[in-house]
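Step one of this worksheet: look at the structure below.
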2 protein chains.
Amino acid sequence: MKKFVNDPANFVPEFMAGVLAANPDLLEGNLEFQMIKRKDGPRADKVSVVQGSGSGHEPAHVMAVGPGMLDGACQGPVFAAPPVDACYETIKALATPAGVLVLVNNYQGDRMAWDTAVEIAQAEDIVVDQFIINDDVAVQDSLYTVGRRGVAGNFFVMKCCGAAAEEGQSLAQVKAVAEKVNANVRTMGLALTSCIPPAKGTPIFEIGDDEMEVGVGIHGEPGRERAKIKPADEITEMLFAAVADDLPFTSGDRVALMVNGLGGTPPAELYVLYNKAAALCEARGLTVARNYVGEYCTAIEMAGCSITLLKLDDEIEKYLAAPAQTACRIF
Amino acid sequence: MKKFVNDPANFVPEFMAGVLAANPDLLEGNLEFQMIKRKDGPRADKVSVVQGSGSGHEPAHVMAVGPGMLDGACQGPVFAAPPVDACYETIKALATPAGVLVLVNNYQGDRMAWDTAVEIAQAEDIVVDQFIINDDVAVQDSLYTVGRRGVAGNFFVMKCCGAAAEEGQSLAQVKAVAEKVNANVRTMGLALTSCIPPAKGTPIFEIGDDEMEVGVGIHGEPGRERAKIKPADEITEMLFAAVADDLPFTSGDRVALMVNGLGGTPPAELYVLYNKAAALCEARGLTVARNYVGEYCTAIEMAGCSITLLKLDDEIEKYLAAPAQTACRIF
């Protein structure tokens with residue numbers, strides 16, 4: 001296995017220790033529960049926004065913790081839900097009188113863990129609610145999912161809820177922001193290669209040298225079809241049409257356009273895709289008011305991409321423009 | 001070839017068009033010469049800092065253009081120097097009475113192109129000087145290099161020169177900053193896999209499933225040795241010792257520590273390496289005042305990393321902390 005790893009069983013806490021070591025002023029954590037939180041929270045008058053899911057999707061989830069984004073997050077092993085106690089401890093660590101909103105990507109394992117943790121916390125009079133994110137248009141049900149999967153659109157839900165909570169909105173209001181963003185965001189992904197979870201040591205699926213998986217999930221779940229590789233522009237057209245037709249996005253809409261890398265695709269290729277996607281927006285009469293090109297929700301080192309469109313209004317644009325700070329930084 | 005690409009011959013201008021489309025307020029370009037510049041420059045009273053080299057190292061070089069970083073950059077084909085006319089046009093587009101400083105990573109192709117372009121520009125009374133970056137401790141000479149190669153330490157030279165130029169320092173002063181940073185920065189890299197330039201369509205070198213190339217160059221040039229893969233901590237120790245012993249860095253030094261991904265290595269693995277590298281700094285008595293974990297200088301989708309140490313003083317720390325804005329952003 002060609003990876004930078006020590007004992008694969010310690011991979012997740014070791015990487016999280018690295019995130020903490022690199023951000024001592026911003027973050028603190030409890031690695032027993034694979035949990036990271038803002039160092040300056042929780043605040044009694046502010047809703048805490050939290051998330052937790054399998055590892056291997058970095059920067060989601062613990063690298064999205066910080067002012068204006070998540071207040072805390074916990075991670076399970078690579079591609080596996082966090083245990084109930086980690087979810088519970090995360091809720092407890094971020095509990096405030098204003099309440100905790102848990103953003104759950106729609107996978108059965110995550111939902112079961114968070115459902116139970118929320119129930120335990122509520123029994124202890126912790127104010128907590130949850131919201132399910134399901135932006136992936138590729139398939140209706142999937143390997144680990146009843147209903148649509150939650151994928152890169154998750155970023156926009158976190159960003160907007162983080163900004164709304166920072167403004168001092170109530171738990172019900174922040175949940176309404178999550179509902180609004182989720183209702184207006186659509187994503188579809190595509191894989192050129194598989195990826196290797198450290199503890200497994202082998203690829204999670206087989207794919208031919210000339211093949212691509214259209215509508216792939218972020219754990220390598222099958223999508224709509226296995227097809228022959230096409231030129232970048234045709235791939236972009238295919239993903240864009242699936243996403244844009246779903247809401248549907250229509251002429252006159254203002255949108256945020258995201259081209260997300262699944263891990264193994266270099267930035268230059270993502271910009272080739274973005275160049276075409278921006279042109280397709282223009283052709284459809286969509287105004288790209290904000291854009292996002294890079295890695296937001298990955299599948300370890302999978303070569304692949306996803307395209308996300310979010311329909312904007314003044315409120316959502318305000319949340320997207322609000323300041324935020326996480327472990328992800330260049331300077 | 002498993003890549004998002006249309007005609008490989010158009011790969012570089014297409015990705016650069018994507019960078020421009022995603023940053024219309026920040027950047028403008030002349031894709032005939034594969035050149036991108038700050039939209040708000042040049043300014044008569046400010047030194048312009050420019051760079052240009054082969055593509056495939058993104059975010060270096062054109063994605064490092066913006067206030068507080070490079071004023072402009074041009075790129076050649078993947079892993080090939082930009083042509084002389086592109087270098088000349090870049091100098092000309094950024095020419096100011098205060099002068100242009102060209103930062104050249106030490107590769108023969110780049111040096112020849114920039115030497116000639118600088119000579120032509122000087123003959124036209126453009127004020128321009130150049131500085132050679134050579135931070136790679138792996139080998140003395142290399143496939144495309146007489147002397148040490150310029151690799152990820154390049155980021156620190158760009159950042160500090162960008163900040164010094166923004167402060168209004170003279171051409172001689174900004175060049176002195178480049179000299180100081182380059183004299184105090186050391187890097188060594190390691191590859192687990194090769195990579196595939198789009199126009200070539202095949203890997204640039206062969207490497208066994210259980211092998212790693214220690215001291216690899218960012219074009220896949222051989223390093224110090226081909227060895228069996230080791231656990232992440234041992235790899236970090238090996239790279240760290242090579243880098244730290246070279247200056248040498250000694251107890252009491254304040255440093256910036258960078259763990260750079262070569263393209264195909266996911267962030268979680270980079271943080272596993274960072275976690276160990278930070279501990280090694282502490283063990284050696286080095287204070288990590290600033291850290292950088294991510295992709296700064298890549299080799300397309302190569303799985304691999306490099307470790308960079310920069311010895312700090314108050315002046316360099318001030319430059320590193322100064323604001324900067326480029327195409328690389330999360331929010």
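Chain lettering (A, B, ...) mirrors the order of the structure tokens, residue numbering begins at 1 for each chain separately, and ligand numbering begins at 1 in order of display.
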Chain B residues near chain A within 7 Å, closest pair each, using only C-alpha atoms, as CSV:
residue,atom,partner,partner_atom,distance
B:Lys2,CA,A:Leu192,CA,6.0
B:Phe4,CA,A:Ala232,CA,4.7
B:Val5,CA,A:Ala232,CA,4.8
B:Asn6,CA,A:Pro231,CA,4.8
B:Glu14,CA,A:Val272,CA,5.5
B:Phe15,CA,A:Val272,CA,4.5
B:Ala17,CA,A:Asn275,CA,6.3
B:Gly18,CA,A:Asn275,CA,4.1
B:Val19,CA,A:Tyr271,CA,6.1
B:Ala21,CA,A:Asn275,CA,6.5
B:Ala22,CA,A:Asn291,CA,6.3
B:Glu58,CA,A:Pro267,CA,6.6
B:Leu192,CA,A:Lys2,CA,6.0
B:Pro231,CA,A:Asn6,CA,4.8
B:Ala232,CA,A:Phe4,CA,4.7
B:Asp233,CA,A:Asn6,CA,6.6
B:Gly263,CA,A:Pro266,CA,6.0
B:Gly264,CA,A:Gly264,CA,4.7
B:Thr265,CA,A:Glu301,CA,6.5
B:Pro266,CA,A:Glu301,CA,5.7
B:Pro267,CA,A:Glu58,CA,6.6
B:Ala268,CA,A:Phe15,CA,5.4
B:Glu269,CA,A:Phe4,CA,5.5
B:Tyr271,CA,A:Gly18,CA,4.7
B:Val272,CA,A:Phe15,CA,4.5
B:Tyr274,CA,A:Gly18,CA,5.7
B:Asn275,CA,A:Gly18,CA,4.1
B:Asn291,CA,A:Ala22,CA,6.3
B:Tyr292,CA,A:Ile330,CA,7.0
B:Ile300,CA,A:Pro266,CA,5.9
B:Glu301,CA,A:Pro266,CA,5.7
B:Ile330,CA,A:Tyr292,CA,7.0
Any chance you can output those residues with N, CA and C atoms as a compact mmCIF listing (two decimals), in the first residue's frame?
# COMPACT_ATOMS: atom_id res chain seq x y z
N LYS B 2 -5.91 8.47 -17.56
CA LYS B 2 -7.06 8.79 -16.72
C LYS B 2 -6.95 10.22 -16.18
N PHE B 4 -8.74 14.45 -16.57
CA PHE B 4 -9.73 15.37 -17.13
C PHE B 4 -8.99 16.29 -18.09
N VAL B 5 -9.05 15.97 -19.35
CA VAL B 5 -8.29 16.70 -20.35
C VAL B 5 -9.05 16.63 -21.67
N ASN B 6 -8.96 17.69 -22.47
CA ASN B 6 -9.48 17.66 -23.83
C ASN B 6 -8.30 17.34 -24.74
N GLU B 14 -6.12 25.99 -21.34
CA GLU B 14 -7.49 25.75 -20.85
C GLU B 14 -7.57 25.86 -19.33
N PHE B 15 -6.56 25.30 -18.63
CA PHE B 15 -6.63 25.43 -17.17
C PHE B 15 -6.42 26.88 -16.76
N ALA B 17 -7.30 29.48 -18.48
CA ALA B 17 -8.58 30.17 -18.74
C ALA B 17 -9.55 29.92 -17.59
N GLY B 18 -9.52 28.72 -17.02
CA GLY B 18 -10.36 28.42 -15.86
C GLY B 18 -9.96 29.25 -14.65
N VAL B 19 -8.66 29.41 -14.43
CA VAL B 19 -8.19 30.24 -13.31
C VAL B 19 -8.66 31.68 -13.49
N ALA B 21 -11.27 32.67 -15.32
CA ALA B 21 -12.74 32.72 -15.22
C ALA B 21 -13.19 32.69 -13.77
N ALA B 22 -12.42 32.02 -12.92
CA ALA B 22 -12.80 31.90 -11.50
C ALA B 22 -12.38 33.11 -10.68
N GLU B 58 1.18 23.29 -9.97
CA GLU B 58 0.16 24.14 -9.38
C GLU B 58 -0.03 23.81 -7.89
N LEU B 192 6.08 8.36 -3.78
CA LEU B 192 5.57 6.99 -3.71
C LEU B 192 5.14 6.49 -5.09
N PRO B 231 7.34 3.12 7.28
CA PRO B 231 6.22 3.80 7.95
C PRO B 231 6.39 5.32 7.90
N ALA B 232 5.28 6.03 8.02
CA ALA B 232 5.27 7.49 7.87
C ALA B 232 6.27 8.17 8.80
N ASP B 233 6.34 7.71 10.04
CA ASP B 233 7.24 8.37 10.99
C ASP B 233 8.71 8.23 10.58
N GLY B 263 0.81 16.19 -4.89
CA GLY B 263 -0.36 16.20 -5.78
C GLY B 263 -1.34 15.08 -5.48
N GLY B 264 -0.87 13.86 -5.36
CA GLY B 264 -1.77 12.72 -5.20
C GLY B 264 -1.93 12.25 -3.77
N THR B 265 -1.32 12.95 -2.83
CA THR B 265 -1.38 12.54 -1.42
C THR B 265 -2.46 13.34 -0.70
N PRO B 266 -3.43 12.65 -0.08
CA PRO B 266 -4.53 13.37 0.57
C PRO B 266 -4.09 14.12 1.83
N PRO B 267 -4.86 15.15 2.20
CA PRO B 267 -4.48 15.99 3.35
C PRO B 267 -4.27 15.20 4.64
N ALA B 268 -5.07 14.16 4.88
CA ALA B 268 -4.93 13.42 6.13
C ALA B 268 -3.52 12.83 6.26
N GLU B 269 -2.97 12.32 5.14
CA GLU B 269 -1.60 11.77 5.20
C GLU B 269 -0.59 12.88 5.47
N TYR B 271 -1.05 15.47 7.24
CA TYR B 271 -1.11 15.81 8.67
C TYR B 271 -0.48 14.72 9.54
N VAL B 272 -0.50 13.47 9.09
CA VAL B 272 0.26 12.42 9.80
C VAL B 272 1.75 12.78 9.77
N TYR B 274 2.98 15.84 9.29
CA TYR B 274 3.18 17.08 10.05
C TYR B 274 3.28 16.78 11.54
N ASN B 275 2.42 15.88 12.00
CA ASN B 275 2.39 15.54 13.42
C ASN B 275 3.77 15.08 13.90
N ASN B 291 3.20 27.35 10.39
CA ASN B 291 3.20 26.06 9.69
C ASN B 291 2.32 26.10 8.45
N TYR B 292 2.64 25.22 7.52
CA TYR B 292 2.02 25.17 6.20
C TYR B 292 1.86 23.70 5.82
N ILE B 300 2.19 17.27 -10.66
CA ILE B 300 0.90 16.79 -11.19
C ILE B 300 0.21 15.95 -10.12
N GLU B 301 -0.02 14.65 -10.36
CA GLU B 301 -0.75 13.83 -9.38
C GLU B 301 0.17 12.85 -8.67
N ILE B 330 -10.43 28.85 -0.11
CA ILE B 330 -11.42 27.85 0.25
C ILE B 330 -12.81 28.49 0.21
Worksheet entry | Which of B:Leu70, B:Gln140, B:Gln130, B:Phe33 sits closest to Tyr88 (chain B) [using only C-alpha atoms] |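 Checking each candidate against Tyr88 (chain B), we get B:Phe33 as the closest.
Using only C-alpha atoms, the nearest neighbour of Gly153 (chain B) within the list B:Val216, B:Leu310, B:Ala86, B:Ala113 is B:Leu310.
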Item to complete: May I have all residues of region 15-51 of chain A that DSSP, computed from the backbone, assigns to helix (DSSP H, G or I), given as a list in words?
Response: Phe15, Met16, Ala17, Gly18, Val19, Leu20, Ala21, Ala22, Leu31, Glu32 and Phe33 of chain A
Residues from the last selection, N, CA, C and O atoms, saved as a PDB file, in the first residue's frame:
ATOM      1  N   PHE A  15      -3.705  11.681  12.225  1.00  0.00           N
ATOM      2  CA  PHE A  15      -3.887  12.845  11.351  1.00  0.00           C
ATOM      3  C   PHE A  15      -4.584  13.966  12.117  1.00  0.00           C
ATOM      4  O   PHE A  15      -4.251  15.154  11.961  1.00  0.00           O
ATOM      5  N   MET A  16      -5.534  13.591  13.005  1.00  0.00           N
ATOM      6  CA  MET A  16      -6.224  14.624  13.786  1.00  0.00           C
ATOM      7  C   MET A  16      -5.260  15.302  14.758  1.00  0.00           C
ATOM      8  O   MET A  16      -5.353  16.519  14.983  1.00  0.00           O
ATOM      9  N   ALA A  17      -4.321  14.549  15.301  1.00  0.00           N
ATOM     10  CA  ALA A  17      -3.295  15.155  16.160  1.00  0.00           C
ATOM     11  C   ALA A  17      -2.473  16.156  15.359  1.00  0.00           C
ATOM     12  O   ALA A  17      -2.088  17.220  15.867  1.00  0.00           O
ATOM     13  N   GLY A  18      -2.218  15.841  14.097  1.00  0.00           N
ATOM     14  CA  GLY A  18      -1.498  16.770  13.227  1.00  0.00           C
ATOM     15  C   GLY A  18      -2.296  18.042  12.981  1.00  0.00           C
ATOM     16  O   GLY A  18      -1.741  19.147  13.002  1.00  0.00           O
ATOM     17  N   VAL A  19      -3.594  17.893  12.758  1.00  0.00           N
ATOM     18  CA  VAL A  19      -4.448  19.079  12.555  1.00  0.00           C
ATOM     19  C   VAL A  19      -4.425  19.960  13.809  1.00  0.00           C
ATOM     20  O   VAL A  19      -4.310  21.186  13.716  1.00  0.00           O
ATOM     21  N   LEU A  20      -4.504  19.325  14.983  1.00  0.00           N
ATOM     22  CA  LEU A  20      -4.451  20.094  16.233  1.00  0.00           C
ATOM     23  C   LEU A  20      -3.090  20.755  16.413  1.00  0.00           C
ATOM     24  O   LEU A  20      -3.000  21.927  16.795  1.00  0.00           O
ATOM     25  N   ALA A  21      -2.018  20.013  16.131  1.00  0.00           N
ATOM     26  CA  ALA A  21      -0.662  20.567  16.301  1.00  0.00           C
ATOM     27  C   ALA A  21      -0.439  21.769  15.382  1.00  0.00           C
ATOM     28  O   ALA A  21       0.285  22.697  15.734  1.00  0.00           O
ATOM     29  N   ALA A  22      -1.079  21.740  14.219  1.00  0.00           N
ATOM     30  CA  ALA A  22      -0.883  22.828  13.253  1.00  0.00           C
ATOM     31  C   ALA A  22      -1.768  24.039  13.552  1.00  0.00           C
ATOM     32  O   ALA A  22      -1.553  25.106  12.981  1.00  0.00           O
ATOM     33  N   LEU A  31      -9.092  13.355  21.415  1.00  0.00           N
ATOM     34  CA  LEU A  31      -8.820  12.324  20.410  1.00  0.00           C
ATOM     35  C   LEU A  31      -9.318  10.954  20.842  1.00  0.00           C
ATOM     36  O   LEU A  31      -9.442  10.054  20.010  1.00  0.00           O
ATOM     37  N   GLU A  32      -9.641  10.787  22.133  1.00  0.00           N
ATOM     38  CA  GLU A  32     -10.285   9.544  22.571  1.00  0.00           C
ATOM     39  C   GLU A  32     -11.586   9.342  21.793  1.00  0.00           C
ATOM     40  O   GLU A  32     -11.966   8.209  21.471  1.00  0.00           O
ATOM     41  N   PHE A  33     -12.261  10.444  21.501  1.00  0.00           N
ATOM     42  CA  PHE A  33     -13.509  10.382  20.734  1.00  0.00           C
ATOM     43  C   PHE A  33     -13.337  10.931  19.317  1.00  0.00           C
ATOM     44  O   PHE A  33     -14.315  11.232  18.637  1.00  0.00           O
TER      45      PHE A  33
END
Practice prompt. Skip Lys180 (chain A) itself and residues of its chain fewer than 5 positions away, then list as a list in words all residues within 12 Å of it, counting only C-alpha atoms.
Written response: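 Answer for this query is Phe131, Ile132, Ile133, Asp135, Phe156, Val157, Cys160, Cys161, Gln173, Val174, Lys175, Val185, Leu310, Lys311, Leu312, Asp313, Glu315 and Ile316 of chain A.
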Item to complete: May I have all residues of region 201-267 of chain A that DSSP, computed from the backbone, assigns to strand (DSSP E), given as a list in words?
Response: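 Answer for region 201-267 of chain A, restricted to strand (DSSP E): Glu211, Met212, Glu213, Val214, Glu225, Arg226, Ala227, Lys228, Arg254, Val255, Ala256, Leu257, Met258, Val259, Asn260 and Gly261 of chain A.
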Worksheet item: Can you tell me how far CA of Ser170 (chain A) sits from CA of Asn105 (chain A), in Å to one decimal?
Response: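 Going from CA of Ser170 (chain A) over to CA of Asn105 (chain A), I get 21.7 Å.
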Worksheet item: What lies within 9 Å of region 142-152 of chain A using only C-alpha atoms, ignoring chain neighbours under 5 positions off, as a ChimeraX atom specification?
Response: /A:60,104-109,132-137,186-189,217-218,221-223,258,260,296-298,306-308
Go ahead and save the residues from that selection, with N, CA and C atoms, as an mmCIF file, in the first residue's frame.
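After the write, again-v9.cif holds the following:
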data_model
loop_
_atom_site.group_PDB
_atom_site.id
_atom_site.type_symbol
_atom_site.label_atom_id
_atom_site.label_comp_id
_atom_site.auth_asym_id
_atom_site.auth_seq_id
_atom_site.Cartn_x
_atom_site.Cartn_y
_atom_site.Cartn_z
ATOM 1 N N ALA A 60 -13.662 17.935 4.780
ATOM 2 C CA ALA A 60 -14.779 17.527 5.623
ATOM 3 C C ALA A 60 -14.255 16.398 6.525
ATOM 4 N N VAL A 104 -26.147 16.144 9.366
ATOM 5 C CA VAL A 104 -25.836 14.741 9.080
ATOM 6 C C VAL A 104 -25.912 14.499 7.584
ATOM 7 N N ASN A 105 -24.804 14.030 7.004
ATOM 8 C CA ASN A 105 -24.877 13.608 5.612
ATOM 9 C C ASN A 105 -25.659 12.306 5.548
ATOM 10 N N ASN A 106 -26.492 12.160 4.545
ATOM 11 C CA ASN A 106 -27.425 11.036 4.511
ATOM 12 C C ASN A 106 -26.754 9.702 4.158
ATOM 13 N N TYR A 107 -26.269 9.035 5.196
ATOM 14 C CA TYR A 107 -25.789 7.649 5.112
ATOM 15 C C TYR A 107 -26.366 6.922 6.313
ATOM 16 N N GLN A 108 -26.732 5.657 6.126
ATOM 17 C CA GLN A 108 -27.425 4.941 7.198
ATOM 18 C C GLN A 108 -26.617 4.883 8.484
ATOM 19 N N GLY A 109 -25.305 4.614 8.360
ATOM 20 C CA GLY A 109 -24.470 4.512 9.557
ATOM 21 C C GLY A 109 -24.430 5.812 10.340
ATOM 22 N N ILE A 132 -30.697 16.556 7.887
ATOM 23 C CA ILE A 132 -30.098 15.583 6.961
ATOM 24 C C ILE A 132 -29.794 16.246 5.615
ATOM 25 N N ILE A 133 -28.551 16.123 5.173
ATOM 26 C CA ILE A 133 -28.113 16.707 3.893
ATOM 27 C C ILE A 133 -28.114 15.616 2.815
ATOM 28 N N ASN A 134 -28.704 15.920 1.657
ATOM 29 C CA ASN A 134 -28.828 14.905 0.592
ATOM 30 C C ASN A 134 -28.801 15.552 -0.787
ATOM 31 N N ASP A 135 -27.647 16.079 -1.161
ATOM 32 C CA ASP A 135 -27.535 16.883 -2.388
ATOM 33 C C ASP A 135 -27.172 16.100 -3.643
ATOM 34 N N ASP A 136 -26.854 14.821 -3.519
ATOM 35 C CA ASP A 136 -26.308 14.050 -4.649
ATOM 36 C C ASP A 136 -27.444 13.571 -5.548
ATOM 37 N N VAL A 137 -27.469 14.059 -6.794
ATOM 38 C CA VAL A 137 -28.574 13.724 -7.702
ATOM 39 C C VAL A 137 -28.373 12.389 -8.418
ATOM 40 N N ARG A 186 -27.403 21.080 -5.546
ATOM 41 C CA ARG A 186 -27.394 19.792 -6.251
ATOM 42 C C ARG A 186 -25.969 19.459 -6.680
ATOM 43 N N THR A 187 -25.603 18.183 -6.603
ATOM 44 C CA THR A 187 -24.229 17.728 -6.893
ATOM 45 C C THR A 187 -24.263 16.424 -7.681
ATOM 46 N N MET A 188 -23.285 16.236 -8.573
ATOM 47 C CA MET A 188 -23.028 14.884 -9.080
ATOM 48 C C MET A 188 -21.526 14.697 -9.290
ATOM 49 N N GLY A 189 -21.045 13.505 -8.984
ATOM 50 C CA GLY A 189 -19.621 13.198 -9.055
ATOM 51 C C GLY A 189 -19.284 12.168 -10.111
ATOM 52 N N GLY A 217 -20.348 7.581 -5.699
ATOM 53 C CA GLY A 217 -20.460 8.114 -4.348
ATOM 54 C C GLY A 217 -19.086 8.366 -3.753
ATOM 55 N N ILE A 218 -19.048 9.089 -2.651
ATOM 56 C CA ILE A 218 -17.751 9.440 -2.057
ATOM 57 C C ILE A 218 -17.134 8.292 -1.254
ATOM 58 N N GLU A 221 -19.321 4.197 -4.021
ATOM 59 C CA GLU A 221 -20.587 3.548 -4.369
ATOM 60 C C GLU A 221 -20.879 3.721 -5.860
ATOM 61 N N PRO A 222 -21.514 2.712 -6.474
ATOM 62 C CA PRO A 222 -21.860 2.833 -7.891
ATOM 63 C C PRO A 222 -22.771 4.027 -8.139
ATOM 64 N N GLY A 223 -22.654 4.581 -9.347
ATOM 65 C CA GLY A 223 -23.487 5.713 -9.702
ATOM 66 C C GLY A 223 -24.516 5.308 -10.733
ATOM 67 N N MET A 258 -19.409 25.044 -7.809
ATOM 68 C CA MET A 258 -18.260 24.368 -7.204
ATOM 69 C C MET A 258 -17.784 23.233 -8.101
ATOM 70 N N ASN A 260 -15.366 20.311 -7.361
ATOM 71 C CA ASN A 260 -14.700 19.679 -6.223
ATOM 72 C C ASN A 260 -13.837 18.531 -6.707
ATOM 73 N N TYR A 296 -13.120 19.899 -1.450
ATOM 74 C CA TYR A 296 -14.071 20.228 -0.390
ATOM 75 C C TYR A 296 -14.621 18.971 0.268
ATOM 76 N N CYS A 297 -14.805 17.923 -0.511
ATOM 77 C CA CYS A 297 -15.320 16.662 0.022
ATOM 78 C C CYS A 297 -14.709 15.555 -0.832
ATOM 79 N N THR A 298 -13.776 14.828 -0.264
ATOM 80 C CA THR A 298 -12.949 13.920 -1.056
ATOM 81 C C THR A 298 -13.249 12.453 -0.734
ATOM 82 N N SER A 306 -16.548 16.358 -8.649
ATOM 83 C CA SER A 306 -17.996 16.545 -8.637
ATOM 84 C C SER A 306 -18.283 17.986 -8.984
ATOM 85 N N ILE A 307 -19.463 18.206 -9.516
ATOM 86 C CA ILE A 307 -19.918 19.556 -9.813
ATOM 87 C C ILE A 307 -21.144 19.839 -8.952
ATOM 88 N N THR A 308 -21.111 20.990 -8.276
ATOM 89 C CA THR A 308 -22.215 21.402 -7.412
ATOM 90 C C THR A 308 -22.715 22.763 -7.857
#
Worksheet entry | Best match for closeness to Val259 (chain B) among B:Leu190, B:Ala283, B:Glu119, B:Asp45, counting only C-alpha atoms |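 The shortest atom-to-atom distance to Val259 (chain B) comes from B:Leu190.
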Item to complete: Would you mind telling me which residue in A:Gly76, A:Gly54, A:Gly68, A:Gly41 lies nearest to Thr96 (chain A) when using only C-alpha atoms?
Response: A:Gly41
Discussion item. Please determine, counting only C-alpha atoms, which residue among B:Arg38, B:Arg224, B:Arg284, B:Lys92 has the shortest atom-to-atom distance to Leu239 (chain B).
Written reply: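 Counting only C-alpha atoms, the residue closest to Leu239 (chain B) is B:Arg224.
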Practice prompt. Write out as a ChimeraX atom specification which residues come within 7 Å of Val62 (chain A) when counting only C-alpha atoms, dropping same-chain ones fewer than 4 positions away.
Written response: /A:36,73-74
Practice prompt. Using only C-alpha atoms, determine which residues lie at most 12 Å from Val128 (chain B), disregarding the query and same-chain residues fewer than 4 positions distant; provide the list as a PyMOL selection string.
Written response: chain B and resi 47-50+87-88+90-92+94-103+114-115+117-124+170-172+174-175
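Between CA of Met35 (chain A) and CA of Gly52 (chain A) lies a distance of 8.6 Å.
CA of Met69 (chain B) is positioned 26.8 Å from CA of Ala138 (chain B).
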